[in-house]
Each structure stands twice: as structure tokens, then as C-alpha cells.
file run-v5.cif (mmCIF, C-alpha atoms and all ligand atoms)
data_protein
loop_
_atom_site.group_PDB
_atom_site.id
_atom_site.type_symbol
_atom_site.label_atom_id
_atom_site.label_comp_id
_atom_site.auth_asym_id
_atom_site.auth_seq_id
_atom_site.Cartn_x
_atom_site.Cartn_y
_atom_site.Cartn_z
ATOM 1 C CA MET A 807 38.570 54.940 153.442
ATOM 2 C CA LEU A 808 34.989 55.752 152.515
ATOM 3 C CA SER A 809 36.053 57.692 149.455
ATOM 4 C CA GLN A 810 38.234 54.861 148.138
ATOM 5 C CA GLY A 811 37.184 53.551 144.721
ATOM 6 C CA VAL A 812 34.859 50.585 144.236
ATOM 7 C CA LEU A 813 34.496 49.019 140.814
ATOM 8 C CA VAL A 814 30.873 48.746 139.690
ATOM 9 C CA LEU A 815 29.766 45.923 137.390
ATOM 10 C CA ASN A 816 26.450 45.904 135.597
ATOM 11 C CA ARG A 817 24.183 42.867 135.526
ATOM 12 C CA ASN A 818 26.259 41.385 132.717
ATOM 13 C CA TRP A 819 29.407 41.599 134.864
ATOM 14 C CA MET A 820 30.826 44.381 132.740
ATOM 15 C CA ALA A 821 32.734 47.133 134.509
ATOM 16 C CA VAL A 822 30.742 50.307 134.037
ATOM 17 C CA HIS A 823 31.827 52.642 136.780
ATOM 18 C CA VAL A 824 33.971 53.423 139.757
ATOM 19 C CA CYS A 825 32.245 54.900 142.786
ATOM 20 C CA SER A 826 33.144 55.611 146.405
ATOM 21 C CA VAL A 827 32.878 52.992 149.156
ATOM 22 C CA ARG A 828 30.176 55.142 150.698
ATOM 23 C CA ARG A 829 28.073 55.079 147.515
ATOM 24 C CA ALA A 830 28.721 51.375 146.974
ATOM 25 C CA LEU A 831 27.542 50.468 150.460
ATOM 26 C CA SER A 832 24.462 52.589 150.108
ATOM 27 C CA LEU A 833 23.579 50.712 146.908
ATOM 28 C CA VAL A 834 24.125 47.403 148.684
ATOM 29 C CA VAL A 835 22.058 48.390 151.726
ATOM 30 C CA GLN A 836 19.208 49.389 149.422
ATOM 31 C CA ASP A 837 19.562 46.045 147.645
ATOM 32 C CA TYR A 838 20.442 47.664 144.311
ATOM 33 C CA ALA A 839 23.799 45.894 144.333
ATOM 34 C CA ARG A 840 25.699 42.944 145.816
ATOM 35 C CA ILE A 841 29.312 42.708 146.845
ATOM 36 C CA ILE A 842 31.693 40.411 144.981
ATOM 37 C CA ALA A 843 34.470 38.818 146.993
ATOM 38 C CA ASP A 844 37.768 37.810 145.453
ATOM 39 C CA ASP A 845 36.570 34.223 145.081
ATOM 40 C CA TYR A 846 33.636 35.613 143.010
ATOM 41 C CA GLN A 847 31.133 34.771 145.747
ATOM 42 C CA ILE A 848 28.246 37.208 145.897
ATOM 43 C CA TYR A 849 27.127 38.802 149.164
ATOM 44 C CA ASP A 850 24.246 40.964 150.202
ATOM 45 C CA PHE A 851 24.668 43.380 153.079
ATOM 46 C CA ASN A 852 23.874 40.933 155.850
ATOM 47 C CA SER A 853 25.999 38.079 154.583
ATOM 48 C CA TRP A 854 28.852 40.538 154.001
ATOM 49 C CA ARG A 855 28.503 41.679 157.585
ATOM 50 C CA GLU A 856 28.671 38.061 158.734
ATOM 51 C CA LEU A 857 31.720 37.403 156.581
ATOM 52 C CA SER A 858 33.400 40.542 157.948
ATOM 53 C CA LYS A 859 33.024 39.162 161.477
ATOM 54 C CA ARG A 860 34.900 35.984 160.609
ATOM 55 C CA ILE A 861 37.678 37.477 158.520
ATOM 56 C CA GLU A 862 41.191 37.932 159.850
ATOM 57 C CA HIS A 863 42.221 41.391 160.846
ATOM 58 C CA GLU A 864 45.542 41.247 159.172
ATOM 59 C CA GLY A 865 45.924 42.488 155.611
ATOM 60 C CA ASN A 866 42.314 43.593 155.315
ATOM 61 C CA ASP A 867 40.679 47.000 155.406
ATOM 62 C CA PHE A 868 37.667 47.443 157.620
ATOM 63 C CA ILE A 869 35.123 50.130 158.209
ATOM 64 C CA ARG A 870 34.252 50.318 161.871
ATOM 65 C CA THR A 871 30.972 51.328 163.376
ATOM 66 C CA PRO A 872 30.177 51.230 167.114
ATOM 67 C CA SER A 873 28.405 47.888 166.754
ATOM 68 C CA PHE A 874 30.131 46.052 163.905
ATOM 69 C CA ARG A 875 32.945 46.121 161.380
ATOM 70 C CA LEU A 876 32.699 45.727 157.641
ATOM 71 C CA LEU A 877 35.280 44.665 155.122
ATOM 72 C CA VAL A 878 35.833 47.397 152.560
ATOM 73 C CA PRO A 879 34.307 46.158 149.306
ATOM 74 C CA GLU A 880 36.330 46.372 146.106
ATOM 75 C CA VAL A 881 33.797 45.301 143.509
ATOM 76 C CA ILE A 882 30.014 45.451 143.484
ATOM 77 C CA LEU A 883 27.502 43.986 141.055
ATOM 78 C CA LEU A 884 24.377 45.934 140.233
ATOM 79 C CA THR A 885 21.155 43.970 140.537
ATOM 80 C CA VAL A 886 19.011 46.486 138.693
ATOM 81 C CA PHE A 887 19.399 48.354 135.439
ATOM 82 C CA GLY A 888 19.652 52.086 135.298
ATOM 83 C CA ARG A 889 21.107 52.668 138.752
ATOM 84 C CA MET A 890 24.400 53.746 137.330
ATOM 85 C CA PRO A 891 24.623 54.476 133.621
ATOM 86 C CA PRO A 892 27.927 53.555 131.980
ATOM 87 C CA ARG A 893 30.616 56.140 132.109
ATOM 88 C CA THR A 894 31.700 57.783 128.920
ATOM 89 C CA VAL A 895 34.962 59.453 128.130
ATOM 90 C CA LYS A 896 34.838 63.205 127.712
ATOM 91 C CA PHE A 897 36.361 64.486 124.512
ATOM 92 C CA ASN A 898 38.825 66.975 125.914
ATOM 93 C CA ARG A 899 42.459 67.950 125.788
ATOM 94 C CA ARG A 900 43.417 66.008 128.897
ATOM 95 C CA ASN A 901 41.925 62.748 127.645
ATOM 96 C CA ILE A 902 43.535 63.132 124.228
ATOM 97 C CA TYR A 903 46.909 63.415 125.973
ATOM 98 C CA VAL A 904 46.165 60.350 128.077
ATOM 99 C CA ARG A 905 44.948 58.330 125.080
ATOM 100 C CA ASP A 906 48.046 59.181 123.042
ATOM 101 C CA HIS A 907 50.422 58.638 125.990
ATOM 102 C CA HIS A 908 51.912 62.124 125.558
ATOM 103 C CA THR A 909 53.487 60.814 122.375
ATOM 104 C CA CYS A 910 53.581 62.258 118.868
ATOM 105 C CA GLN A 911 51.358 59.946 116.848
ATOM 106 C CA TYR A 912 53.380 60.508 113.674
ATOM 107 C CA CYS A 913 56.971 59.944 114.756
ATOM 108 C CA GLY A 914 56.528 58.358 118.177
ATOM 109 C CA THR A 915 58.672 60.831 120.108
ATOM 110 C CA LYS A 916 57.718 62.059 123.546
ATOM 111 C CA PRO A 917 58.678 65.739 123.767
ATOM 112 C CA PRO A 918 57.901 67.948 126.782
ATOM 113 C CA ARG A 919 54.181 68.512 127.180
ATOM 114 C CA GLU A 920 54.286 72.134 126.014
ATOM 115 C CA GLU A 921 55.846 71.067 122.719
ATOM 116 C CA LEU A 922 52.971 68.764 121.834
ATOM 117 C CA THR A 923 50.100 70.040 119.750
ATOM 118 C CA ILE A 924 46.720 68.606 118.890
ATOM 119 C CA ASP A 925 46.656 67.933 115.168
ATOM 120 C CA HIS A 926 43.650 67.345 112.924
ATOM 121 C CA ILE A 927 44.425 64.439 110.594
ATOM 122 C CA VAL A 928 42.009 65.786 108.001
ATOM 123 C CA PRO A 929 42.808 69.494 108.441
ATOM 124 C CA ARG A 930 40.031 71.757 109.614
ATOM 125 C CA SER A 931 40.511 73.794 106.443
ATOM 126 C CA ARG A 932 39.478 70.672 104.521
ATOM 127 C CA GLY A 933 36.417 70.058 106.643
ATOM 128 C CA GLY A 934 38.113 67.853 109.259
ATOM 129 C CA ARG A 935 36.157 67.674 112.486
ATOM 130 C CA SER A 936 37.257 67.601 116.099
ATOM 131 C CA THR A 937 36.496 63.978 116.911
ATOM 132 C CA TRP A 938 38.347 61.104 118.530
ATOM 133 C CA LYS A 939 39.092 59.657 115.111
ATOM 134 C CA ASN A 940 40.401 62.851 113.595
ATOM 135 C CA VAL A 941 42.683 64.311 116.248
ATOM 136 C CA VAL A 942 46.051 63.098 117.467
ATOM 137 C CA LEU A 943 48.978 64.518 119.390
ATOM 138 C CA ALA A 944 51.805 65.745 117.201
ATOM 139 C CA CYS A 945 55.225 67.176 117.963
ATOM 140 C CA GLN A 946 55.998 70.600 116.564
ATOM 141 C CA SER A 947 58.134 69.304 113.733
ATOM 142 C CA CYS A 948 55.564 66.760 112.521
ATOM 143 C CA ASN A 949 52.833 69.338 112.879
ATOM 144 C CA SER A 950 54.635 71.842 110.685
ATOM 145 C CA ARG A 951 55.655 69.148 108.234
ATOM 146 C CA LYS A 952 52.047 68.148 107.850
ATOM 147 C CA GLY A 953 50.673 71.664 107.627
ATOM 148 C CA ASN A 954 47.409 71.801 105.739
ATOM 149 C CA GLN A 955 47.993 68.646 103.733
ATOM 150 C CA THR A 956 46.124 65.392 103.881
ATOM 151 C CA LEU A 957 47.870 62.492 105.563
ATOM 152 C CA GLU A 958 48.723 60.891 102.208
ATOM 153 C CA LYS A 959 50.223 64.096 100.792
ATOM 154 C CA SER A 960 52.309 64.735 103.879
ATOM 155 C CA GLY A 961 54.067 61.385 103.656
ATOM 156 C CA LEU A 962 53.539 60.921 107.388
ATOM 157 C CA THR A 963 52.018 57.789 108.866
ATOM 158 C CA LEU A 964 50.203 57.242 112.117
ATOM 159 C CA VAL A 965 51.712 55.192 114.916
ATOM 160 C CA ARG A 966 48.202 53.755 115.474
ATOM 161 C CA PRO A 967 44.774 54.675 114.174
ATOM 162 C CA PRO A 968 43.090 56.942 116.707
ATOM 163 C CA LYS A 969 39.829 55.892 118.321
ATOM 164 C CA LYS A 970 37.635 56.724 121.232
ATOM 165 C CA PRO A 971 39.273 55.303 124.364
ATOM 166 C CA HIS A 972 37.514 53.068 126.852
ATOM 167 C CA TRP A 973 36.552 55.018 129.972
ATOM 168 C CA MET A 974 38.871 52.895 132.047
ATOM 169 C CA ALA A 975 41.856 53.827 129.973
ATOM 170 C CA THR A 976 41.514 57.409 131.123
ATOM 171 C CA LEU A 977 40.625 56.430 134.655
ATOM 172 C CA ARG A 978 43.643 54.245 135.162
ATOM 173 C CA ASN A 979 45.890 57.247 135.048
ATOM 174 C CA THR A 980 44.007 59.131 137.698
ATOM 175 C CA LEU A 981 43.560 56.256 140.113
ATOM 176 C CA ARG A 982 46.256 56.027 142.683
ATOM 177 C CA GLY A 983 46.063 53.605 145.495
ATOM 178 C CA PRO A 984 46.549 50.036 146.553
ATOM 179 C CA ASP A 985 46.885 47.293 143.982
ATOM 180 C CA ARG A 986 43.559 45.810 143.082
ATOM 181 C CA PRO A 987 44.048 42.300 141.756
ATOM 182 C CA LEU A 988 40.293 41.716 141.828
ATOM 183 C CA TRP A 989 39.695 44.831 139.743
ATOM 184 C CA GLN A 990 42.238 43.684 137.255
ATOM 185 C CA LYS A 991 40.189 40.631 136.379
ATOM 186 C CA PHE A 992 37.210 42.729 135.407
ATOM 187 C CA VAL A 993 39.171 45.569 133.916
ATOM 188 C CA ASP A 994 40.954 43.252 131.505
ATOM 189 C CA ALA A 995 37.658 41.659 130.547
ATOM 190 C CA ALA A 996 36.245 45.114 129.938
ATOM 191 C CA TYR A 997 39.097 45.963 127.618
ATOM 192 C CA TRP A 998 38.566 42.882 125.522
ATOM 193 C CA ASN A 999 34.809 43.146 125.396
ATOM 194 C CA VAL A 1000 34.502 46.832 124.768
ATOM 195 C CA THR A 1001 32.519 47.765 121.711
ATOM 196 C CA LEU A 1002 34.402 50.109 119.461
ATOM 197 C CA GLU A 1003 32.457 53.300 119.125
ATOM 198 C CA ASP A 1004 32.477 55.450 115.987
HETATM 199 ZN ZN ZN B 1 56.534 63.919 115.591
#
call {"tool": "encode", "arguments": {"input": "run-v5.cif", "output": "C-alpha cells", "more": "lines below"}}
Ligand SMILES: [Zn+2]
result
Amino acid sequence: MLSQGVLVLNRNWMAVHVCSVRRALSLVVQDYARIIADDYQIYDFNSWRELSKRIEHEGNDFIRTPSFRLLVPEVILLTVFGRMPPRTVKFNRRNIYVRDHHTCQYCGTKPPREELTIDHIVPRSRGGRSTWKNVVLACQSCNSRKGNQTLEKSGLTLVRPPKKPHWMATLRNTLRGPDRPLWQKFVDAAYWNVTLED
């Protein structure tokens, strides 16, 4: 229960992180964060403790201590800057696969994982770099068709232009657990408001 994920919003109500319940509560106790309930009401530790007393048992998760019980928070709002810097997405093989949905970005097929390769759109031999905007997943046949040519020369087209994914896009795939309707509200907002990086 204590290691369950809590969505962290910064002072502008933008989702910036996911932390454990334990970490979230410690931020709240220290007054670095408040808890957001599903009606968007904001609680500090004491008022959350009061609310937890009144709330029905059924359908809710509680943390129990010898003297009181606490509703498990789902979303917290930071009250100070710098407590939790925004997450960034690591540029690595795993996240490229997640971003491209295990799908060849030239023909749209979804072959077995071991038949997918990471292709440089501008080939390395032509100075192409390993960046979010220059690498995509490709099936073996598209990869060999493209070879060392530029995209234009190869006659291939991209399913979608590659870009750096939002950190939540890679997180979503690793998070397993109960449905979080409250998260969804902030996650969707984060998707729409995200600034597109290089
Ligand atoms: Zn392909």
C-alpha cells in the first residue's frame, strides 16, 4: 500500500512526477505538499486525517496506524518549488520501443520484438545522430530497403514524425494497478499542455 503510486502536481497543477504513498505523505506532513481529493478540494495533513475519520470504509483504501487511519492519497499538489524536479524521459532502447508501440514506423507492421531494429532516419554514415527525432523502430524489410539512403531516396514514409515522448507516456506502460479516474484528469491535461521539446 505504501509503495503504491501517487501523482505529484507542481504549483501550476501540472503532473510532474509519480512517487510512493510513503514519500507523498512525508511531503504532506512537512507541509511541502497538500492532498487533492477527487472533488478537487485541497487538504493538509490534519484536515485529511479528519476527513479520513468520516469517510466510509467501503470502497476506500486506508493506511492504519495504532491511533488513526488515513485515506490513501492519489494526487498531491506541491506547495513549494524545487521539491521534486520534473521527470524526464531517458533516451534508451526500452523507451524507443514504448514510444513507437513496438511498430515499424515505415510500414506500420508489428513483428515480433526480436525482428524490430532501431533505424536512424538520417543514416549515421551521413552524420545522423542518435536523438529522439532521428531514430525510429523499423522492421527488417524496411530497414534493409532503406539501407544507407535518405528518407526521400528510399521512397519510404514515416507513420508519424518521431519526437521526444512525454514522461507519462513511458510511465503508463509500467504502471499496473487500480484504475485512477482522478489521475486521468491530470494526465490528460498534461498531455495537452506538454511543451514539445527539440
Ligand atoms: Zn516495416
call {"tool": "residues_around", "arguments": {"input": "run-v5.cif", "residues": "A:Pro967", "least_positions_apart": "2", "cutoff": "9 Å", "atoms": "only C-alpha atoms", "output": "ChimeraX atom specification"}}
result
/A:911,939,964-965,969
call {"tool": "residues_around", "arguments": {"input": "run-v5.cif", "residues": "A:Leu833", "least_positions_apart": "4", "cutoff": "12 Å", "atoms": "all atoms listed in the file", "output": "count of residues only"}}
result
22
call {"tool": "resolve_selection", "arguments": {"input": "run-v5.cif", "expression": "the PyMOL selection byres (((chain A and resi 880) around 12) and not hetatm)", "output": "ChimeraX atom specification"}}
result
/A:807-815,824-828,830-831,840-844,846,866-868,877-879,881-883,984-992
call {"tool": "residues_near_ligand", "arguments": {"input": "run-v5.cif", "ligand": "ligand ZN 1 (chain B)", "cutoff": "6 Å", "atoms": "all atoms listed in the file", "output": "PyMOL selection string"}}
result
chain A and resi 910+912-913+915+944-945+947-948
call {"tool": "atom_distance", "arguments": {"input": "run-v5.cif", "atom1": "atom CA of A:Pro971", "atom2": "atom CA of A:Lys896"}}
result
9.7 Å
call {"tool": "resolve_selection", "arguments": {"input": "run-v5.cif", "expression": "the PyMOL selection byres (((chain A and resi 938) around 9) and not hetatm)", "output": "PyMOL selection string"}}
result
chain A and resi 897+902+936-937+939-942+968-971+1004
call {"tool": "atom_distance", "arguments": {"input": "run-v5.cif", "atom1": "atom CA of A:Pro917", "atom2": "atom CA of A:Ser960"}}
result
20.9 Å
call {"tool": "decode", "arguments": {"input": "run-v5.cif", "residues": "stretch 851-963 of chain A", "atoms": "C-alpha atoms", "output": "PDB file, in the first residue's frame"}}
result
ATOM      1  CA  PHE A 851      -2.307  16.584   6.832  1.00  0.00           C
ATOM      2  CA  ASN A 852      -4.648  17.393   9.689  1.00  0.00           C
ATOM      3  CA  SER A 853      -7.725  18.060   7.601  1.00  0.00           C
ATOM      4  CA  TRP A 854      -7.005  14.880   5.627  1.00  0.00           C
ATOM      5  CA  ARG A 855      -6.854  12.978   8.887  1.00  0.00           C
ATOM      6  CA  GLU A 856     -10.208  14.456   9.885  1.00  0.00           C
ATOM      7  CA  LEU A 857     -11.719  13.582   6.521  1.00  0.00           C
ATOM      8  CA  SER A 858     -10.369  10.026   6.805  1.00  0.00           C
ATOM      9  CA  LYS A 859     -12.252   9.612  10.088  1.00  0.00           C
ATOM     10  CA  ARG A 860     -15.575  10.474   8.478  1.00  0.00           C
ATOM     11  CA  ILE A 861     -15.205   8.530   5.254  1.00  0.00           C
ATOM     12  CA  GLU A 862     -16.972   5.238   4.661  1.00  0.00           C
ATOM     13  CA  HIS A 863     -14.930   2.112   4.936  1.00  0.00           C
ATOM     14  CA  GLU A 864     -16.286   0.551   1.841  1.00  0.00           C
ATOM     15  CA  GLY A 865     -14.511   1.055  -1.469  1.00  0.00           C
ATOM     16  CA  ASN A 866     -11.693   3.089   0.036  1.00  0.00           C
ATOM     17  CA  ASP A 867      -8.098   2.249   0.846  1.00  0.00           C
ATOM     18  CA  PHE A 868      -6.798   3.196   4.248  1.00  0.00           C
ATOM     19  CA  ILE A 869      -3.464   3.202   5.957  1.00  0.00           C
ATOM     20  CA  ARG A 870      -3.848   2.181   9.565  1.00  0.00           C
ATOM     21  CA  THR A 871      -1.757   3.287  12.473  1.00  0.00           C
ATOM     22  CA  PRO A 872      -2.435   2.345  16.116  1.00  0.00           C
ATOM     23  CA  SER A 873      -4.175   5.662  16.757  1.00  0.00           C
ATOM     24  CA  PHE A 874      -5.792   6.686  13.470  1.00  0.00           C
ATOM     25  CA  ARG A 875      -6.488   5.715   9.883  1.00  0.00           C
ATOM     26  CA  LEU A 876      -5.685   7.674   6.766  1.00  0.00           C
ATOM     27  CA  LEU A 877      -7.192   7.514   3.324  1.00  0.00           C
ATOM     28  CA  VAL A 878      -4.549   6.624   0.762  1.00  0.00           C
ATOM     29  CA  PRO A 879      -3.918   9.768  -1.280  1.00  0.00           C
ATOM     30  CA  GLU A 880      -3.913   9.553  -5.066  1.00  0.00           C
ATOM     31  CA  VAL A 881      -2.808  13.036  -6.043  1.00  0.00           C
ATOM     32  CA  ILE A 882      -0.757  15.628  -4.197  1.00  0.00           C
ATOM     33  CA  LEU A 883      -0.030  19.252  -5.029  1.00  0.00           C
ATOM     34  CA  LEU A 884       3.372  20.679  -4.241  1.00  0.00           C
ATOM     35  CA  THR A 885       3.320  23.952  -2.337  1.00  0.00           C
ATOM     36  CA  VAL A 886       6.962  24.789  -2.936  1.00  0.00           C
ATOM     37  CA  PHE A 887       9.165  24.800  -5.998  1.00  0.00           C
ATOM     38  CA  GLY A 888      12.131  22.539  -6.331  1.00  0.00           C
ATOM     39  CA  ARG A 889      10.943  19.740  -4.064  1.00  0.00           C
ATOM     40  CA  MET A 890      10.533  17.392  -6.954  1.00  0.00           C
ATOM     41  CA  PRO A 891      12.011  18.363 -10.302  1.00  0.00           C
ATOM     42  CA  PRO A 892      10.018  17.246 -13.343  1.00  0.00           C
ATOM     43  CA  ARG A 893      10.734  13.813 -14.621  1.00  0.00           C
ATOM     44  CA  THR A 894      12.383  13.436 -17.965  1.00  0.00           C
ATOM     45  CA  VAL A 895      12.305  10.507 -20.304  1.00  0.00           C
ATOM     46  CA  LYS A 896      15.552   8.617 -20.692  1.00  0.00           C
ATOM     47  CA  PHE A 897      16.683   8.142 -24.255  1.00  0.00           C
ATOM     48  CA  ASN A 898      17.095   4.392 -24.314  1.00  0.00           C
ATOM     49  CA  ARG A 899      16.081   1.323 -26.244  1.00  0.00           C
ATOM     50  CA  ARG A 900      13.172   0.466 -23.973  1.00  0.00           C
ATOM     51  CA  ASN A 901      11.596   3.910 -24.247  1.00  0.00           C
ATOM     52  CA  ILE A 902      12.007   3.979 -28.022  1.00  0.00           C
ATOM     53  CA  TYR A 903      10.058   0.711 -28.182  1.00  0.00           C
ATOM     54  CA  VAL A 904       7.363   2.117 -25.915  1.00  0.00           C
ATOM     55  CA  ARG A 905       7.129   5.383 -27.870  1.00  0.00           C
ATOM     56  CA  ASP A 906       6.799   3.560 -31.193  1.00  0.00           C
ATOM     57  CA  HIS A 907       4.358   0.967 -29.796  1.00  0.00           C
ATOM     58  CA  HIS A 908       6.571  -1.903 -30.989  1.00  0.00           C
ATOM     59  CA  THR A 909       5.551  -0.935 -34.504  1.00  0.00           C
ATOM     60  CA  CYS A 910       7.625  -0.368 -37.629  1.00  0.00           C
ATOM     61  CA  GLN A 911       7.401   3.368 -38.230  1.00  0.00           C
ATOM     62  CA  TYR A 912       7.684   2.943 -42.001  1.00  0.00           C
ATOM     63  CA  CYS A 913       5.109   0.285 -42.825  1.00  0.00           C
ATOM     64  CA  GLY A 914       3.119   0.081 -39.599  1.00  0.00           C
ATOM     65  CA  THR A 915       3.538  -3.656 -39.039  1.00  0.00           C
ATOM     66  CA  LYS A 916       4.108  -5.120 -35.609  1.00  0.00           C
ATOM     67  CA  PRO A 917       6.574  -8.001 -35.977  1.00  0.00           C
ATOM     68  CA  PRO A 918       7.970  -9.976 -33.024  1.00  0.00           C
ATOM     69  CA  ARG A 919      10.214  -7.844 -30.849  1.00  0.00           C
ATOM     70  CA  GLU A 920      13.439  -9.509 -31.998  1.00  0.00           C
ATOM     71  CA  GLU A 921      12.655  -8.623 -35.608  1.00  0.00           C
ATOM     72  CA  LEU A 922      12.467  -4.907 -34.901  1.00  0.00           C
ATOM     73  CA  THR A 923      15.527  -2.746 -35.319  1.00  0.00           C
ATOM     74  CA  ILE A 924      16.301   0.819 -34.360  1.00  0.00           C
ATOM     75  CA  ASP A 925      16.779   2.802 -37.546  1.00  0.00           C
ATOM     76  CA  HIS A 926      18.424   6.194 -37.994  1.00  0.00           C
ATOM     77  CA  ILE A 927      16.276   8.286 -40.334  1.00  0.00           C
ATOM     78  CA  VAL A 928      19.300  10.298 -41.422  1.00  0.00           C
ATOM     79  CA  PRO A 929      21.812   7.424 -41.521  1.00  0.00           C
ATOM     80  CA  ARG A 930      24.761   7.594 -39.179  1.00  0.00           C
ATOM     81  CA  SER A 931      27.035   7.409 -42.218  1.00  0.00           C
ATOM     82  CA  ARG A 932      25.518  10.730 -43.304  1.00  0.00           C
ATOM     83  CA  GLY A 933      26.002  12.355 -39.932  1.00  0.00           C
ATOM     84  CA  GLY A 934      22.634  11.334 -38.448  1.00  0.00           C
ATOM     85  CA  ARG A 935      22.617  11.470 -34.673  1.00  0.00           C
ATOM     86  CA  SER A 936      21.032   9.231 -32.078  1.00  0.00           C
ATOM     87  CA  THR A 937      18.234  11.507 -30.912  1.00  0.00           C
ATOM     88  CA  TRP A 938      14.508  11.176 -30.356  1.00  0.00           C
ATOM     89  CA  LYS A 939      13.860  12.907 -33.661  1.00  0.00           C
ATOM     90  CA  ASN A 940      16.216  10.783 -35.700  1.00  0.00           C
ATOM     91  CA  VAL A 941      15.542   7.230 -34.558  1.00  0.00           C
ATOM     92  CA  VAL A 942      12.512   5.044 -35.139  1.00  0.00           C
ATOM     93  CA  LEU A 943      11.673   1.364 -34.949  1.00  0.00           C
ATOM     94  CA  ALA A 944      11.828  -0.421 -38.278  1.00  0.00           C
ATOM     95  CA  CYS A 945      11.058  -3.970 -39.342  1.00  0.00           C
ATOM     96  CA  GLN A 946      13.844  -5.897 -41.018  1.00  0.00           C
ATOM     97  CA  SER A 947      12.455  -5.479 -44.504  1.00  0.00           C
ATOM     98  CA  CYS A 948      12.003  -1.702 -44.227  1.00  0.00           C
ATOM     99  CA  ASN A 949      15.404  -1.405 -42.624  1.00  0.00           C
ATOM    100  CA  SER A 950      17.127  -3.197 -45.479  1.00  0.00           C
ATOM    101  CA  ARG A 951      15.059  -1.349 -48.050  1.00  0.00           C
ATOM    102  CA  LYS A 952      16.176   1.929 -46.576  1.00  0.00           C
ATOM    103  CA  GLY A 953      19.812   0.973 -46.170  1.00  0.00           C
ATOM    104  CA  ASN A 954      22.087   3.983 -46.198  1.00  0.00           C
ATOM    105  CA  GLN A 955      19.745   6.218 -48.157  1.00  0.00           C
ATOM    106  CA  THR A 956      17.990   9.340 -47.028  1.00  0.00           C
ATOM    107  CA  LEU A 957      14.279   9.072 -46.364  1.00  0.00           C
ATOM    108  CA  GLU A 958      13.433  10.787 -49.664  1.00  0.00           C
ATOM    109  CA  LYS A 959      15.674   8.481 -51.710  1.00  0.00           C
ATOM    110  CA  SER A 960      14.311   5.358 -50.076  1.00  0.00           C
ATOM    111  CA  GLY A 961      10.736   6.133 -51.063  1.00  0.00           C
ATOM    112  CA  LEU A 962       9.625   5.215 -47.549  1.00  0.00           C
ATOM    113  CA  THR A 963       7.437   7.468 -45.440  1.00  0.00           C
TER     114      THR A 963
END
